[in-house]
file entry-v3.cif (mmCIF, C-alpha atoms and all ligand atoms)
data_target
loop_
_atom_site.label_atom_id
_atom_site.label_comp_id
_atom_site.auth_asym_id
_atom_site.auth_seq_id
_atom_site.Cartn_x
_atom_site.Cartn_y
_atom_site.Cartn_z
CA MET A 455 -26.67 -28.11 -6.27
CA GLY A 456 -29.88 -26.61 -7.65
CA PHE A 457 -30.66 -27.42 -11.24
CA ASP A 458 -30.54 -24.34 -13.42
CA SER A 459 -33.42 -25.08 -15.75
CA ARG A 460 -32.37 -22.12 -17.91
CA ALA A 461 -29.22 -23.96 -18.97
CA THR A 462 -29.05 -24.21 -22.73
CA PRO A 463 -28.84 -27.77 -24.07
CA ALA A 464 -25.64 -28.53 -25.93
CA GLU A 465 -25.41 -30.13 -29.35
CA ILE A 466 -24.61 -33.84 -28.95
CA VAL A 467 -21.70 -34.92 -31.13
CA ARG A 468 -22.09 -38.06 -33.22
CA ILE A 469 -20.01 -41.14 -33.94
CA GLY A 470 -17.08 -40.04 -36.10
CA HIS A 471 -16.41 -36.92 -33.99
CA PRO A 472 -12.90 -37.21 -32.53
CA ALA A 473 -14.10 -36.10 -29.06
CA LEU A 474 -15.80 -39.49 -28.71
CA ARG A 475 -12.49 -41.31 -29.23
CA HIS A 476 -9.81 -39.18 -27.62
CA GLY A 477 -10.51 -40.02 -23.96
CA THR A 478 -10.84 -37.66 -21.03
CA ARG A 479 -8.93 -36.02 -18.17
CA MET A 480 -9.72 -36.32 -14.48
CA VAL A 481 -11.59 -33.36 -13.05
CA ALA A 482 -8.99 -31.43 -11.00
CA GLN A 483 -9.57 -31.02 -7.28
CA GLU A 484 -9.82 -27.21 -7.69
CA LEU A 485 -12.81 -27.59 -10.00
CA PHE A 486 -15.03 -29.43 -7.47
CA GLY A 487 -17.85 -27.29 -6.13
CA THR A 488 -17.20 -24.44 -8.58
CA PRO A 489 -19.81 -22.63 -10.68
CA ALA A 490 -17.99 -23.84 -13.81
CA LEU A 491 -18.45 -27.52 -12.90
CA ASP A 492 -22.07 -26.86 -11.87
CA GLU A 493 -22.61 -25.15 -15.22
CA LEU A 494 -21.23 -28.18 -17.10
CA ILE A 495 -23.61 -30.46 -15.19
CA ASP A 496 -26.60 -28.16 -15.75
CA VAL A 497 -25.85 -28.12 -19.48
CA MET A 498 -25.50 -31.92 -19.53
CA ARG A 499 -28.76 -32.31 -17.61
CA ALA A 500 -30.59 -29.98 -20.01
CA THR A 501 -29.07 -31.87 -22.97
CA LEU A 502 -30.15 -35.29 -21.62
CA ALA A 503 -33.67 -34.20 -20.62
CA GLY A 504 -36.30 -36.23 -22.46
CA LYS A 505 -33.74 -37.86 -24.77
CA GLY A 506 -32.05 -40.74 -22.93
CA VAL A 507 -30.91 -42.21 -19.63
CA GLY A 508 -27.26 -41.15 -19.60
CA LEU A 509 -24.85 -38.63 -21.12
CA ALA A 510 -21.08 -38.40 -20.82
CA ALA A 511 -19.08 -35.18 -21.17
CA PRO A 512 -17.28 -36.29 -24.38
CA GLN A 513 -20.73 -36.44 -26.03
CA ILE A 514 -20.79 -32.65 -25.83
CA ALA A 515 -17.09 -32.50 -26.75
CA VAL A 516 -15.88 -31.81 -23.19
CA PRO A 517 -12.88 -34.06 -22.42
CA LEU A 518 -13.51 -34.52 -18.68
CA ARG A 519 -14.42 -37.59 -16.60
CA VAL A 520 -18.02 -36.62 -15.87
CA PHE A 521 -21.32 -38.25 -16.73
CA VAL A 522 -24.96 -37.82 -15.77
CA ILE A 523 -27.69 -40.41 -15.41
CA GLU A 524 -31.46 -40.21 -15.00
CA ASP A 525 -33.96 -42.97 -15.68
CA SER A 526 -37.63 -42.13 -15.31
CA GLU A 527 -40.97 -43.97 -15.37
CA ASP A 528 -41.58 -42.42 -18.83
CA ARG A 529 -38.44 -43.92 -20.34
CA MET A 530 -39.44 -47.48 -19.36
CA SER A 531 -43.13 -47.29 -20.25
CA HIS A 532 -42.53 -49.66 -23.21
CA LEU A 533 -41.48 -52.46 -20.82
CA SER A 534 -43.84 -54.84 -19.01
CA PRO A 535 -43.55 -55.14 -15.21
CA GLU A 536 -41.87 -58.55 -15.76
CA GLN A 537 -39.27 -57.07 -18.15
CA ARG A 538 -38.57 -54.25 -15.71
CA SER A 539 -37.95 -56.61 -12.82
CA GLU A 540 -35.87 -59.01 -14.97
CA ARG A 541 -33.58 -56.12 -15.92
CA TYR A 542 -33.61 -54.52 -12.47
CA ARG A 543 -34.92 -51.43 -14.16
CA SER A 544 -36.61 -48.89 -11.94
CA PRO A 545 -36.50 -45.08 -11.89
CA TYR A 546 -33.04 -43.69 -11.07
CA PRO A 547 -33.03 -40.09 -9.88
CA PHE A 548 -30.76 -37.59 -11.61
CA GLU A 549 -27.17 -37.88 -10.54
CA ALA A 550 -23.82 -36.54 -11.77
CA ILE A 551 -20.73 -38.74 -11.32
CA VAL A 552 -17.18 -37.37 -11.46
CA ASN A 553 -13.86 -39.25 -11.86
CA PRO A 554 -15.35 -42.76 -11.67
CA THR A 555 -13.39 -46.00 -11.53
CA TRP A 556 -15.12 -49.35 -11.53
CA HIS A 557 -14.77 -53.10 -11.36
CA ALA A 558 -17.13 -56.02 -11.85
CA THR A 559 -18.17 -57.75 -8.64
CA SER A 560 -19.10 -61.01 -10.35
CA ALA A 561 -18.31 -62.76 -13.63
CA ARG A 562 -21.99 -62.77 -14.58
CA THR A 563 -22.87 -60.88 -17.77
CA ALA A 564 -26.17 -59.99 -19.41
CA ILE A 565 -27.10 -59.07 -22.97
CA GLU A 566 -29.60 -56.26 -23.56
CA GLN A 567 -30.40 -53.84 -26.33
CA GLU A 568 -28.76 -50.43 -26.03
CA GLY A 569 -28.88 -47.20 -27.93
CA CYS A 570 -26.63 -44.15 -27.75
CA LEU A 571 -27.43 -40.47 -28.29
CA SER A 572 -24.21 -40.21 -30.33
CA ILE A 573 -25.38 -43.02 -32.65
CA PRO A 574 -28.94 -41.88 -33.33
CA GLY A 575 -31.27 -44.18 -35.22
CA PHE A 576 -29.57 -47.45 -34.24
CA ARG A 577 -29.64 -49.99 -31.46
CA ALA A 578 -27.73 -53.21 -30.78
CA ASP A 579 -27.39 -56.00 -28.25
CA VAL A 580 -24.50 -55.39 -25.89
CA PRO A 581 -23.08 -57.75 -23.27
CA ARG A 582 -22.24 -56.03 -19.97
CA TYR A 583 -21.32 -57.11 -16.46
CA TRP A 584 -24.41 -57.62 -14.34
CA ALA A 585 -22.98 -56.29 -11.09
CA ILE A 586 -20.32 -53.62 -10.59
CA GLU A 587 -18.88 -51.37 -7.93
CA VAL A 588 -17.98 -47.79 -8.80
CA ASP A 589 -15.87 -45.32 -6.84
CA GLY A 590 -16.05 -41.66 -7.66
CA TYR A 591 -17.10 -38.22 -6.57
CA ARG A 592 -20.13 -36.02 -6.48
CA PRO A 593 -19.65 -32.61 -8.12
CA ASP A 594 -19.23 -31.02 -4.67
CA GLY A 595 -16.17 -33.20 -4.08
CA GLU A 596 -17.75 -35.74 -1.74
CA ARG A 597 -16.49 -39.29 -2.31
CA LYS A 598 -19.10 -41.87 -3.11
CA ARG A 599 -19.29 -45.61 -3.80
CA TRP A 600 -22.06 -47.18 -5.86
CA SER A 601 -22.95 -50.90 -5.80
CA LEU A 602 -25.08 -51.51 -8.86
CA GLU A 603 -26.90 -54.41 -10.47
CA GLY A 604 -28.81 -54.84 -13.70
CA TRP A 605 -29.84 -51.80 -15.72
CA PRO A 606 -28.10 -49.06 -13.66
CA ALA A 607 -24.87 -51.13 -13.82
CA ARG A 608 -25.34 -51.20 -17.61
CA ILE A 609 -25.82 -47.44 -17.87
CA PHE A 610 -22.72 -46.78 -15.74
CA GLN A 611 -20.61 -49.12 -17.92
CA HIS A 612 -21.89 -47.47 -21.12
CA GLU A 613 -21.14 -43.97 -19.79
CA ILE A 614 -17.71 -44.82 -18.33
CA ASP A 615 -16.87 -46.40 -21.69
CA HIS A 616 -17.52 -42.96 -23.24
CA LEU A 617 -14.96 -41.45 -20.84
CA ASP A 618 -12.38 -43.93 -22.16
CA GLY A 619 -13.22 -43.37 -25.83
CA TRP A 620 -15.28 -46.56 -26.31
CA LEU A 621 -18.66 -46.73 -28.02
CA LEU A 622 -21.33 -49.42 -27.97
CA THR A 623 -20.34 -50.37 -31.51
CA ASP A 624 -17.01 -51.58 -30.03
CA ARG A 625 -18.88 -53.81 -27.53
CA MET A 626 -21.99 -54.95 -29.41
CA LEU A 627 -22.78 -58.29 -30.99
CA PRO A 628 -22.20 -56.93 -34.53
CA ARG A 629 -25.01 -58.84 -36.23
CA THR A 630 -27.60 -57.33 -33.89
CA LEU A 631 -27.02 -53.74 -35.08
CA ALA A 632 -30.43 -52.51 -36.23
CA SER A 633 -32.12 -49.35 -37.37
CA THR A 634 -34.78 -47.94 -35.08
CA GLU A 635 -36.62 -46.65 -38.16
CA PRO A 636 -39.18 -48.82 -39.98
CA HIS A 637 -37.21 -51.48 -41.84
CA GLY A 638 -38.90 -51.13 -45.24
CA VAL A 639 -40.71 -53.76 -47.29
CA GLY A 640 -38.26 -54.42 -50.13
CA ALA A 641 -39.44 -55.64 -53.53
CA PRO A 642 -42.80 -54.45 -54.92
CA SER A 643 -45.77 -56.60 -54.06
CA GLY A 644 -46.05 -59.70 -56.30
CA LEU A 645 -42.49 -59.68 -57.65
CA LEU A 646 -41.29 -62.42 -55.28
CA GLY A 647 -44.17 -64.64 -56.41
CA ARG A 648 -43.38 -64.09 -60.12
CA LEU A 649 -39.78 -65.04 -59.36
CA GLY A 650 -41.02 -68.34 -57.91
CA LEU A 651 -40.19 -67.22 -54.36
CA SER A 652 -42.60 -67.28 -51.48
CA GLU A 653 -43.89 -63.95 -50.14
CA PRO A 654 -42.58 -63.26 -46.63
ZN ZN A 701 -23.73 -43.38 -25.40
#

call {"tool": "encode", "arguments": {"input": "entry-v3.cif", "output": "structure tokens"}}
result
Amino acid sequence: MGFDSRATPAEIVRIGHPALRHGTRMVAQELFGTPALDELIDVMRATLAGKGVGLAAPQIAVPLRVFVIEDSEDRMSHLSPEQRSERYRSPYPFEAIVNPTWHATSARTAIEQEGCLSIPGFRADVPRYWAIEVDGYRPDGERKRWSLEGWPARIFQHEIDHLDGWLLTDRMLPRTLASTEPHGVGAPSGLLGRLGLSEP
């Protein structure tokens, strides 16, 4: 499948949109390998480009079991080499996954910060299984199995959650929800002192 770089990005729907909660249908056998499915994937790829590491069809209000993933050197430039290897984070070439099912292959979990393109401006710590196995299809209908650990396993779990109507806010440690914007300074300078409180 060649990427049609002329595909127009879609508008990503945000938390509160019913498409993110209503779940998805399996992609029917007849749709594999068709221009319509390729078009959906091209649009999803164009929508994801430069914005994140994964996008699921419900995020563009398409109720089908499809997601795309792409993690690049650019997107991990804020992490040190140690952090990258701790998280098993390394570039993941673009891939589209259709009709996935998954299971954890160990009881081990890990907590990392996640964001979501449908919840812009926030991030939170989310526990996920460390190692999973996924069965599914490529858009041309070929069956594929993925054995994943660390960060790619996290992205797959986040995206498959979208297909089932779950968002990271359903999985997060609630007290870790944080704005990605500057947090603000609060009271005017000096007021805390006049109130007999120590300045931060
Ligand atoms: Zn998301």

call {"tool": "closest_atom_pairs", "arguments": {"input": "entry-v3.cif", "of": "chain A", "to": "ligand ZN 701 (chain A)", "cutoff": "10 Å", "atoms": "only C-alpha atoms and all ligand atoms", "output": "tab-separated table"}}
result
residue	atom	partner	partner_atom	distance
A:Arg468	CA	A:ZN701	ZN	9.6
A:Ile469	CA	A:ZN701	ZN	9.6
A:Leu474	CA	A:ZN701	ZN	9.4
A:Gly506	CA	A:ZN701	ZN	9.1
A:Val507	CA	A:ZN701	ZN	9.3
A:Gly508	CA	A:ZN701	ZN	7.1
A:Leu509	CA	A:ZN701	ZN	6.5
A:Ala510	CA	A:ZN701	ZN	7.3
A:Pro512	CA	A:ZN701	ZN	9.6
A:Gln513	CA	A:ZN701	ZN	7.6
A:Glu568	CA	A:ZN701	ZN	8.7
A:Gly569	CA	A:ZN701	ZN	6.9
A:Cys570	CA	A:ZN701	ZN	3.8
A:Leu571	CA	A:ZN701	ZN	5.5
A:Ser572	CA	A:ZN701	ZN	5.9
A:Ile573	CA	A:ZN701	ZN	7.4
A:Pro574	CA	A:ZN701	ZN	9.6
A:Ile609	CA	A:ZN701	ZN	8.8
A:Gln611	CA	A:ZN701	ZN	9.9
A:His612	CA	A:ZN701	ZN	6.2
A:Glu613	CA	A:ZN701	ZN	6.2
A:Ile614	CA	A:ZN701	ZN	9.4
A:Asp615	CA	A:ZN701	ZN	8.4
A:His616	CA	A:ZN701	ZN	6.6
A:Trp620	CA	A:ZN701	ZN	9.1
A:Leu621	CA	A:ZN701	ZN	6.6
A:Leu622	CA	A:ZN701	ZN	7.0
A:Thr623	CA	A:ZN701	ZN	9.9

call {"tool": "closest_residue", "arguments": {"input": "entry-v3.cif", "among": "A:Trp605, A:Gly650, A:Ser560, A:Val639", "to": "A:Arg538", "atoms": "all atoms listed in the file"}}
result
A:Trp605

call {"tool": "closest_residue", "arguments": {"input": "entry-v3.cif", "among": "A:Met498, A:Ala461, A:Met530, A:Val580", "to": "A:Tyr542", "atoms": "all atoms listed in the file"}}
result
A:Met530

call {"tool": "atom_distance", "arguments": {"input": "entry-v3.cif", "atom1": "atom CA of A:Phe576", "atom2": "atom CA of A:Pro642"}}
result
25.5 Å

call {"tool": "atom_distance", "arguments": {"input": "entry-v3.cif", "atom1": "atom CA of A:Leu494", "atom2": "atom CA of A:Arg475"}}
result
19.9 Å

call {"tool": "atom_distance", "arguments": {"input": "entry-v3.cif", "atom1": "atom CA of A:Ala550", "atom2": "atom CA of A:Leu533"}}
result
25.4 Å

call {"tool": "residues_around", "arguments": {"input": "entry-v3.cif", "residues": "A:Pro517", "least_positions_apart": "3", "cutoff": "9 Å", "atoms": "only C-alpha atoms", "output": "PyMOL selection string"}}
result
chain A and resi 473-474+476-480+511-514+520+617

call {"tool": "closest_residue", "arguments": {"input": "entry-v3.cif", "among": "A:Leu646, A:Ala558, A:Ala464, A:Ala607", "to": "A:Asp496", "atoms": "all atoms listed in the file"}}
result
A:Ala464

call {"tool": "residues_around", "arguments": {"input": "entry-v3.cif", "residues": "A:Tyr583", "least_positions_apart": "2", "cutoff": "10 Å", "atoms": "only C-alpha atoms", "output": "list in words"}}
result
His557, Ala558, Thr559, Ser560, Ala561, Arg562, Thr563, Ala564, Ile565, Pro581, Ala585, Ile586, Glu603, Gly604, Ala607, Arg608 and Gln611 of chain A

call {"tool": "closest_residue", "arguments": {"input": "entry-v3.cif", "among": "A:Gly590, A:Pro554, A:Pro489, A:Gly619", "to": "A:Gly470", "atoms": "all atoms listed in the file"}}
result
A:Gly619

call {"tool": "closest_residue", "arguments": {"input": "entry-v3.cif", "among": "A:Pro472, A:Gly504, A:Gly595, A:Gly640", "to": "A:Glu484", "atoms": "all atoms listed in the file"}}
result
A:Gly595

call {"tool": "closest_residue", "arguments": {"input": "entry-v3.cif", "among": "A:Val516, A:Leu602, A:Glu540, A:Arg597", "to": "A:Leu491", "atoms": "all atoms listed in the file"}}
result
A:Val516

call {"tool": "build_atoms", "arguments": {"input": "entry-v3.cif", "residues": "stretch 472-487 of chain A", "atoms": "N, CA, C and O atoms", "output": "PDB file, in the frame of the given file"}}
result
ATOM      1  N   PRO A 472     -14.071 -36.756 -33.293  1.00  0.00           N
ATOM      2  CA  PRO A 472     -12.900 -37.210 -32.530  1.00  0.00           C
ATOM      3  C   PRO A 472     -13.061 -37.143 -31.015  1.00  0.00           C
ATOM      4  O   PRO A 472     -12.440 -37.919 -30.297  1.00  0.00           O
ATOM      5  N   ALA A 473     -13.911 -36.222 -30.520  1.00  0.00           N
ATOM      6  CA  ALA A 473     -14.100 -36.100 -29.060  1.00  0.00           C
ATOM      7  C   ALA A 473     -14.581 -37.400 -28.436  1.00  0.00           C
ATOM      8  O   ALA A 473     -14.335 -37.670 -27.261  1.00  0.00           O
ATOM      9  N   LEU A 474     -15.263 -38.227 -29.237  1.00  0.00           N
ATOM     10  CA  LEU A 474     -15.800 -39.490 -28.710  1.00  0.00           C
ATOM     11  C   LEU A 474     -14.720 -40.566 -28.610  1.00  0.00           C
ATOM     12  O   LEU A 474     -14.960 -41.634 -28.042  1.00  0.00           O
ATOM     13  N   ARG A 475     -13.544 -40.300 -29.177  1.00  0.00           N
ATOM     14  CA  ARG A 475     -12.490 -41.310 -29.230  1.00  0.00           C
ATOM     15  C   ARG A 475     -11.228 -40.934 -28.475  1.00  0.00           C
ATOM     16  O   ARG A 475     -10.388 -41.784 -28.213  1.00  0.00           O
ATOM     17  N   HIS A 476     -11.100 -39.657 -28.139  1.00  0.00           N
ATOM     18  CA  HIS A 476      -9.810 -39.180 -27.620  1.00  0.00           C
ATOM     19  C   HIS A 476      -9.630 -39.334 -26.114  1.00  0.00           C
ATOM     20  O   HIS A 476      -8.594 -38.978 -25.568  1.00  0.00           O
ATOM     21  N   GLY A 477     -10.656 -39.838 -25.401  1.00  0.00           N
ATOM     22  CA  GLY A 477     -10.510 -40.020 -23.960  1.00  0.00           C
ATOM     23  C   GLY A 477     -10.670 -38.711 -23.208  1.00  0.00           C
ATOM     24  O   GLY A 477     -10.935 -37.659 -23.809  1.00  0.00           O
ATOM     25  N   THR A 478     -10.501 -38.787 -21.895  1.00  0.00           N
ATOM     26  CA  THR A 478     -10.840 -37.660 -21.030  1.00  0.00           C
ATOM     27  C   THR A 478      -9.793 -37.485 -19.936  1.00  0.00           C
ATOM     28  O   THR A 478      -9.042 -38.401 -19.640  1.00  0.00           O
ATOM     29  N   ARG A 479      -9.792 -36.320 -19.324  1.00  0.00           N
ATOM     30  CA  ARG A 479      -8.930 -36.020 -18.170  1.00  0.00           C
ATOM     31  C   ARG A 479      -9.748 -36.087 -16.889  1.00  0.00           C
ATOM     32  O   ARG A 479     -10.940 -35.783 -16.894  1.00  0.00           O
ATOM     33  N   MET A 480      -9.083 -36.400 -15.790  1.00  0.00           N
ATOM     34  CA  MET A 480      -9.720 -36.320 -14.480  1.00  0.00           C
ATOM     35  C   MET A 480     -10.107 -34.874 -14.210  1.00  0.00           C
ATOM     36  O   MET A 480      -9.386 -33.947 -14.606  1.00  0.00           O
ATOM     37  N   VAL A 481     -11.218 -34.688 -13.520  1.00  0.00           N
ATOM     38  CA  VAL A 481     -11.590 -33.360 -13.050  1.00  0.00           C
ATOM     39  C   VAL A 481     -10.643 -32.995 -11.911  1.00  0.00           C
ATOM     40  O   VAL A 481     -10.501 -33.752 -10.946  1.00  0.00           O
ATOM     41  N   ALA A 482      -9.976 -31.856 -12.021  1.00  0.00           N
ATOM     42  CA  ALA A 482      -8.990 -31.430 -11.000  1.00  0.00           C
ATOM     43  C   ALA A 482      -9.713 -31.052  -9.713  1.00  0.00           C
ATOM     44  O   ALA A 482     -10.842 -30.564  -9.741  1.00  0.00           O
ATOM     45  N   GLN A 483      -9.030 -31.312  -8.615  1.00  0.00           N
ATOM     46  CA  GLN A 483      -9.570 -31.020  -7.280  1.00  0.00           C
ATOM     47  C   GLN A 483     -10.134 -29.587  -7.198  1.00  0.00           C
ATOM     48  O   GLN A 483     -11.197 -29.365  -6.625  1.00  0.00           O
ATOM     49  N   GLU A 484      -9.416 -28.626  -7.801  1.00  0.00           N
ATOM     50  CA  GLU A 484      -9.820 -27.210  -7.690  1.00  0.00           C
ATOM     51  C   GLU A 484     -11.166 -26.933  -8.370  1.00  0.00           C
ATOM     52  O   GLU A 484     -11.771 -25.891  -8.129  1.00  0.00           O
ATOM     53  N   LEU A 485     -11.578 -27.845  -9.242  1.00  0.00           N
ATOM     54  CA  LEU A 485     -12.810 -27.590 -10.000  1.00  0.00           C
ATOM     55  C   LEU A 485     -14.062 -28.052  -9.237  1.00  0.00           C
ATOM     56  O   LEU A 485     -15.186 -27.614  -9.531  1.00  0.00           O
ATOM     57  N   PHE A 486     -13.873 -28.944  -8.239  1.00  0.00           N
ATOM     58  CA  PHE A 486     -15.030 -29.430  -7.470  1.00  0.00           C
ATOM     59  C   PHE A 486     -15.732 -28.273  -6.778  1.00  0.00           C
ATOM     60  O   PHE A 486     -15.091 -27.386  -6.211  1.00  0.00           O
ATOM     61  N   GLY A 487     -17.058 -28.294  -6.850  1.00  0.00           N
ATOM     62  CA  GLY A 487     -17.850 -27.290  -6.130  1.00  0.00           C
ATOM     63  C   GLY A 487     -17.823 -25.909  -6.753  1.00  0.00           C
ATOM     64  O   GLY A 487     -18.327 -24.954  -6.161  1.00  0.00           O
TER      65      GLY A 487
END
